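Colleague: Have a look at this one.
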Amino acid sequence: MVAIYCRISGKKADGKDVSIEIQEESGIKFAEGLGLPYTLYIDRGISGAKSEIADRPAFAEMFKQIKNKKVTKVYAFDQARIVRKSRIWHLFVYALEQSGCIYYEAGEEVDFNDPQTKLITGIIALIDELYTETTSRKVKVANQKNAEKGKGHGITAYGYKKDEGGYLIIDEKLAPTVKTIFEWSLQGIGTYTIAKKLNNQGIPTKSQKFKGRIIEKTDSYTKRVTQYPRDKVKWRGNVIYDMITNPIFKGIRNYGEVSIAVDAIITPEVWDKVNKNLTNNKKNVGPNNKFNYLLNGLIFCAECEAEFRGKYRASGRNKTYSCKGSSQGLKCLMGRGLNIPRFESFIINHLFLSKELYKTLSGLKINEENIDQYKRELKQFEKKCGDMVKAKNHLYTLLTDPELSEDKSIKKDYLKVQKDSETLNDEINVLKNTISLLSTTQRKARLDKIFKEFDYQLNFKQIKQAVHAIIEKITVNHLPNQKVFLVQINYRGFDEQSVFATDHQQMKWINMSHYQVVSRTPEDKKDDEDLIDYFASTDGYTKEILIDGLKHINAWDESYKDWDYPLLLNKIKENSHGEESVINIVTPTIELKKEELYDFNTSS
């Protein structure tokens with residue numbers, strides 16, 4: 001396997017360094033030219049001058065795979081991508097030699113058996129290290145001199161701004177908010193409550209001044225990345241805490257070992273009193289518990305499409321997955337959450353209690369037409385991506401020309417092509433993953449591994465891995481008038497889905513799923529009618545539930561929307577008759593018992 005290592009420092013401006021995308025594309029082209037599978041290892045916004053291998057997660061993982069001999073070739077755009085520390089470079093070369101792995105720089109093999117090559121690359125590593133350290137020292141000296149003069153650099157603290165000369169002055173528009181924060185804290189209001197009050201009052205953070213998007217790293221299970229506009233960032237408790245403890249607000253700006261006097265927003269007496277009070281409050285806080293959430297990253301709101309996140313309090317009864325739409329500024333009326341132990345227990349029982357789901361998913365036929373369509377789309381996207389690579393390389397060459405480097409139109413075109421390329425690469429990766437998941441052999445092997453290796457005695461991490469390997473997405477809809485939740489489960493690599501209905505107690509889950517056309521016996525029909533009658537006799541399962549049921553057996557027609565309850569119920573029964581039916585209900589009802597609920601946050 002080929003390891004393609006890509007890295008760019010977060011301090012590099014667009015056009016000033018080789019982008020991650022260009023590094024990726026050149027590496028992929030190299031691997032495909034060899035006809036070998038590849039894995040991308042990307043450290044974005046991380047300096048190559050880090051002193052330890054562990055400081056660069058992707059590099060550390062690649063280093064481990066090299067030592068385990070799972071990687072046979074390593075590709076990098078240039079040596080500076082790998083490292084800017086001579087000690088780490090020599091460790092990297094030693095690992096290559098010990099494992100028999102071959103290193104390629106920009107497609108050319110680097111032969112470390114040649115003493116001259118080994119000497120030259122070692123000297124380059126020393127030069128890179130010297131350059132990095134010298135540059136860093138110069139920057140620090142310049143910044144310190146500016147700080148001693150009262151000038152600011154980088155992002156200024158909230159409540160301050162730079163004048164035309166670069167000197168720090170108080171921002172009179174923001175200073176009142178700083179004073180309010182200190183007043184509230186002195187009253188005994190906690191940092192997270194202060195953040196909530198500021199958000200409720202619509203007071204923007206300093207991020208309002210910045211363009212672009214914030215990208216939140218996802219967990220290792222879902223691989224999802226959440227993006228949102230940077231100017232929409234909300235106040236958070238940890239931000240409030242950092243502000244309160246920052247001495248700049250009492251007129252002392254610390255830069256390294258240097259302390260410089262600046263204009264104060266808060267008097268030193270008030271600042272000291274607030275921080276002493278903050279320390280006392282912190283001593284009274286209980287233990288900082290870390291809770292386990294089985295389904296974080298999977299659950300989404302049917303109303304506003306925002307994510308549900310788990311919130312578990314050690315004291316009290318708040319143990320819920322709740323929609324985060326309102327906190328993100330979305331209009332959402334999903335005011336009720338799902339009980340964590342009950343919802344997680346239902347999901348585990350649905351997936352693993354019986355073998356029915358495994359049999360159903362294993363028996364579903366592959367839709368070859370879909371796969372062919374995905375492959376055609378992939379081919380088109382890859383051709384388009386190749387054209388974009390040429391365009392980006394051309395524009396990058398123009399930007400490196402001193403006479404054209406400041407040309408705004410070229411910069412604008414480069415940034416547009418780069419953004420379009422990123423989007424296209426995301427689509428290509430999704431298509432490749434989809435095609436892989438739909439492959440007959442891959443699907444069977446994946447299901448066998450997940451279901452046959454599952455055991456209820458597994459630890460939390462192993463159970464979470466199994467759940468996330470099966471479920472792609474869970475969509476929650478709440479019908480408050482009927483006191484009912486409708487939960488749709490999409491399975492990873494399948495078009496089919498399940499829909500369950502439950503009341504607010506969440507102890508009984510009725511499966512309204514319909515998977516495929518199957519032969520039906522009189523006994524099957526009777527069982528379905530009994531289930532439908534059960535719907536009718538259960539409080540809360542009214543017209544909306546029946547409408548949803550008709551939709552999921554492909555029997556819904558807009559003309560039915562004015563029908564009353566009995567007519568809709570008869571339509572459900574009508575569609576359960578015949579020698580063949582689209583109904584194939586798996587585990588029609590899951591009933592939970594309080595003594596058997598899973599609670600991964602129970603104190604041991």
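Here, A, B, ... name the chains of the structure tokens in the order displayed, residue numbers run from 1 inside each chain, and ligands are numbered from 1 in the same displayed order.
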Using only C-alpha atoms, determine which residues lie at most 10 Å from Gln505 (chain A), disregarding the query and same-chain residues fewer than 3 positions distant; provide the list as a VMD selection string.
Modeller: chain A and resid 338 to 339 342 483 to 484 502 508 to 509
Colleague: Generate the output file for the selected residues, N, CA and C atoms, as a compact mmCIF listing (two decimals), in the first residue's frame.
Modeller:
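Okay, selection-v9.txt is ready:
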# COMPACT_ATOMS: atom_id res chain seq x y z
N LEU A 338 -34.99 12.75 23.68
CA LEU A 338 -35.14 11.29 23.84
C LEU A 338 -34.29 10.83 25.01
N ASN A 339 -34.88 10.05 25.91
CA ASN A 339 -34.16 9.55 27.07
C ASN A 339 -32.97 8.69 26.62
N ARG A 342 -32.96 4.71 27.46
CA ARG A 342 -34.04 4.00 26.76
C ARG A 342 -33.81 3.99 25.25
N LYS A 483 -48.23 12.92 21.31
CA LYS A 483 -47.22 12.47 22.28
C LYS A 483 -46.46 11.26 21.73
N VAL A 484 -46.03 11.40 20.47
CA VAL A 484 -45.39 10.29 19.76
C VAL A 484 -44.10 10.76 19.10
N THR A 502 -42.98 5.45 18.92
CA THR A 502 -43.00 5.21 20.36
C THR A 502 -43.63 6.43 21.05
N LYS A 508 -41.95 1.10 24.67
CA LYS A 508 -42.49 0.21 23.65
C LYS A 508 -42.28 0.87 22.29
N TRP A 509 -41.62 0.15 21.38
CA TRP A 509 -41.29 0.67 20.06
C TRP A 509 -41.94 -0.21 19.00
Colleague: Residues at most 9 Å from region 414-430 of chain A, counting only C-alpha atoms, excluding those fewer than 4 positions away in the same chain, as a ChimeraX atom specification?
Modeller: /A:14-15,19,21,377-378,381-382,384-385,388-389,391-392,395-396,399,409-410,434-435
Colleague: I need the residues from that last selection saved to file as a short mmCIF file (atom, residue, chain, number, x, y, z; two decimals), in the first residue's frame (with C-alpha atoms), if you can.
Modeller:
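Output file again26.cif is given in full below:
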data_model
loop_
_atom_site.label_atom_id
_atom_site.label_comp_id
_atom_site.auth_asym_id
_atom_site.auth_seq_id
_atom_site.Cartn_x
_atom_site.Cartn_y
_atom_site.Cartn_z
CA ASP A 14 -3.14 30.92 0.02
CA GLY A 15 -0.69 30.85 -2.86
CA SER A 19 -1.99 23.35 -0.99
CA GLU A 21 -5.31 19.51 -2.55
CA GLU A 377 -20.88 9.78 -12.15
CA LEU A 378 -17.50 8.92 -10.61
CA PHE A 381 -16.21 13.71 -11.65
CA GLU A 382 -12.68 12.31 -11.94
CA LYS A 384 -13.56 17.11 -14.20
CA CYS A 385 -11.17 16.87 -11.26
CA MET A 388 -9.29 21.37 -12.27
CA VAL A 389 -5.84 20.12 -11.30
CA ALA A 391 -6.21 24.81 -14.00
CA LYS A 392 -4.98 25.08 -10.40
CA LEU A 395 -2.90 29.53 -11.74
CA TYR A 396 -0.42 28.57 -9.02
CA LEU A 399 0.88 33.40 -8.62
CA SER A 409 -8.15 38.47 -10.53
CA ILE A 410 -5.68 35.58 -10.59
CA THR A 434 -20.86 4.35 -1.71
CA ILE A 435 -19.71 2.04 -4.52
#
Colleague: Tell me, as a list in words, which residues lie within 10 Å of Arg7 (chain A), counting only C-alpha atoms; anything in the same chain fewer than 4 positions away does not count.
Modeller: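 Using only C-alpha atoms, the neighbours found are Val18, Ser19, Ile20, Gln23, Glu24, Tyr41, Ile42, Asp43, Arg44, Gly45, Ile46, Ser47, Gly48, Arg56, Ala58, Phe59, Ala76, Phe77, Ala80, Arg81, Ile82 and Val83 of chain A.
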Colleague: Suppose we keep C-alpha atoms; can you now write the selection as a compact mmCIF listing (two decimals), in the first residue's frame?
Modeller:
# COMPACT_ATOMS: atom_id res chain seq x y z
CA VAL A 18 1.64 23.98 -1.94
CA SER A 19 -1.99 23.35 -0.99
CA ILE A 20 -3.18 20.10 0.55
CA GLN A 23 -0.34 17.40 -2.67
CA GLU A 24 -3.25 14.93 -2.59
CA TYR A 41 -2.45 10.92 5.76
CA ILE A 42 -3.23 14.63 6.15
CA ASP A 43 -1.97 17.04 8.81
CA ARG A 44 -3.74 20.31 8.03
CA GLY A 45 -2.62 23.45 9.82
CA ILE A 46 0.23 21.69 11.66
CA SER A 47 3.86 22.82 11.59
CA GLY A 48 6.56 20.42 10.43
CA ARG A 56 1.27 15.35 14.25
CA ALA A 58 -1.59 11.74 10.72
CA PHE A 59 2.20 11.48 10.57
CA ALA A 76 5.43 13.21 -0.26
CA PHE A 77 5.44 16.32 -2.43
CA ALA A 80 9.69 19.69 3.93
CA ARG A 81 6.22 18.06 4.00
CA ILE A 82 7.63 15.16 6.01
CA VAL A 83 9.49 17.09 8.67
Colleague: Please indicate the distance in Å from CA of Glu453 (chain A) to CA of Gln465 (chain A), rounded to one decimal place.
Modeller: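 Calculated distance between CA of Glu453 (chain A) and CA of Gln465 (chain A) is 11.6 Å.
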Colleague: Please return as a PyMOL selection string: the residues of region 42-79 of chain A that backbone DSSP assigns to helix (DSSP H, G or I).
Modeller: chain A and resi 53-55+57-67+79
Colleague: Write the residues you've just listed into a file as a PDB file, in the first residue's frame, and include N, CA and C atoms for each of them.
Modeller:
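Written out: part.pdb:
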ATOM      1  N   ILE A  53       6.864  13.146  17.282  1.00  0.00           N
ATOM      2  CA  ILE A  53       6.053  12.508  16.245  1.00  0.00           C
ATOM      3  C   ILE A  53       4.575  12.575  16.608  1.00  0.00           C
ATOM      4  N   ALA A  54       4.262  12.377  17.885  1.00  0.00           N
ATOM      5  CA  ALA A  54       2.863  12.357  18.344  1.00  0.00           C
ATOM      6  C   ALA A  54       2.162  13.700  18.177  1.00  0.00           C
ATOM      7  N   ASP A  55       2.959  14.776  17.984  1.00  0.00           N
ATOM      8  CA  ASP A  55       2.355  16.102  17.820  1.00  0.00           C
ATOM      9  C   ASP A  55       1.656  16.260  16.473  1.00  0.00           C
ATOM     10  N   PRO A  57      -0.781  14.023  14.352  1.00  0.00           N
ATOM     11  CA  PRO A  57      -1.565  12.777  14.397  1.00  0.00           C
ATOM     12  C   PRO A  57      -1.464  11.916  13.142  1.00  0.00           C
ATOM     13  N   ALA A  58      -1.620  12.528  11.961  1.00  0.00           N
ATOM     14  CA  ALA A  58      -1.590  11.743  10.721  1.00  0.00           C
ATOM     15  C   ALA A  58      -0.201  11.165  10.476  1.00  0.00           C
ATOM     16  N   PHE A  59       0.829  11.974  10.741  1.00  0.00           N
ATOM     17  CA  PHE A  59       2.201  11.484  10.573  1.00  0.00           C
ATOM     18  C   PHE A  59       2.490  10.340  11.549  1.00  0.00           C
ATOM     19  N   ALA A  60       2.008  10.486  12.781  1.00  0.00           N
ATOM     20  CA  ALA A  60       2.214   9.439  13.786  1.00  0.00           C
ATOM     21  C   ALA A  60       1.553   8.134  13.363  1.00  0.00           C
ATOM     22  N   GLU A  61       0.336   8.232  12.801  1.00  0.00           N
ATOM     23  CA  GLU A  61      -0.363   7.029  12.350  1.00  0.00           C
ATOM     24  C   GLU A  61       0.382   6.391  11.177  1.00  0.00           C
ATOM     25  N   MET A  62       0.846   7.193  10.226  1.00  0.00           N
ATOM     26  CA  MET A  62       1.615   6.664   9.094  1.00  0.00           C
ATOM     27  C   MET A  62       2.911   6.013   9.582  1.00  0.00           C
ATOM     28  N   PHE A  63       3.567   6.659  10.544  1.00  0.00           N
ATOM     29  CA  PHE A  63       4.812   6.124  11.098  1.00  0.00           C
ATOM     30  C   PHE A  63       4.581   4.738  11.709  1.00  0.00           C
ATOM     31  N   LYS A  64       3.456   4.598  12.400  1.00  0.00           N
ATOM     32  CA  LYS A  64       3.111   3.298  13.009  1.00  0.00           C
ATOM     33  C   LYS A  64       2.901   2.235  11.935  1.00  0.00           C
ATOM     34  N   GLN A  65       2.182   2.612  10.846  1.00  0.00           N
ATOM     35  CA  GLN A  65       1.908   1.649   9.767  1.00  0.00           C
ATOM     36  C   GLN A  65       3.185   1.262   9.036  1.00  0.00           C
ATOM     37  N   ILE A  66       4.142   2.186   8.958  1.00  0.00           N
ATOM     38  CA  ILE A  66       5.438   1.860   8.351  1.00  0.00           C
ATOM     39  C   ILE A  66       6.153   0.818   9.203  1.00  0.00           C
ATOM     40  N   LYS A  67       6.190   1.045  10.502  1.00  0.00           N
ATOM     41  CA  LYS A  67       6.864   0.116  11.420  1.00  0.00           C
ATOM     42  C   LYS A  67       6.188  -1.249  11.435  1.00  0.00           C
ATOM     43  N   GLN A  79      10.486  17.056   0.746  1.00  0.00           N
ATOM     44  CA  GLN A  79      10.987  16.644   2.055  1.00  0.00           C
ATOM     45  C   GLN A  79      10.441  17.502   3.174  1.00  0.00           C
TER      46      GLN A  79
END
Colleague: May I ask for the distance between CA of Gly386 (chain A) and CA of Glu25 (chain A), given in Å to one decimal place?
Modeller: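 CA of Glu25 (chain A) lies at a distance of 8.7 Å from CA of Gly386 (chain A).
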Colleague: Can you work out the spacing between CA of Ile22 (chain A) and CA of Gly35 (chain A) in Å, to one decimal?
Modeller: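 Interatomic distance here is 19.9 Å.
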Colleague: Would you mind listing what lies within 12 Å of Glu595 (chain A) as number ranges by chain, with only C-alpha atoms counted and same-chain residues fewer than 6 positions away left out?
Modeller: A: 341-342, 345, 507
Colleague: Counting only C-alpha atoms, what is within 12 Å of Arg87 (chain A), bar same-chain residues fewer than 6 positions away, as a count of residues only?
Modeller: 13
Colleague: What's the 7 Å shell around Ile510 (chain A), counting only C-alpha atoms, without same-chain residues fewer than 6 positions away, as a PDB file with C-alpha atoms, in the first residue's frame?
Modeller:
ATOM      1  CA  PHE A 500     -40.395   3.068  14.546  1.00  0.00           C
ATOM      2  CA  ALA A 501     -43.095   4.784  16.579  1.00  0.00           C
ATOM      3  CA  THR A 502     -43.001   5.214  20.361  1.00  0.00           C
ATOM      4  CA  PRO A 588     -42.857  -5.625  15.081  1.00  0.00           C
ATOM      5  CA  THR A 589     -42.632  -4.500  18.698  1.00  0.00           C
ATOM      6  CA  ILE A 590     -39.626  -3.996  20.948  1.00  0.00           C
TER       7      ILE A 590
END
Colleague: Using only C-alpha atoms, which of A:Asp557, A:Asn459, A:Gly251, A:Pro480 sits nearest Leu333 (chain A)?
Modeller: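 Smallest separation from Leu333 (chain A) among the options: A:Pro480.
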Colleague: Looking at only C-alpha atoms, which of A:Val2, A:Ser9, A:Cys101, A:Tyr374 is the one that sits closest to Ile28 (chain A)?
Modeller: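 Residue with the minimum atom-to-atom distance to Ile28 (chain A): A:Val2.
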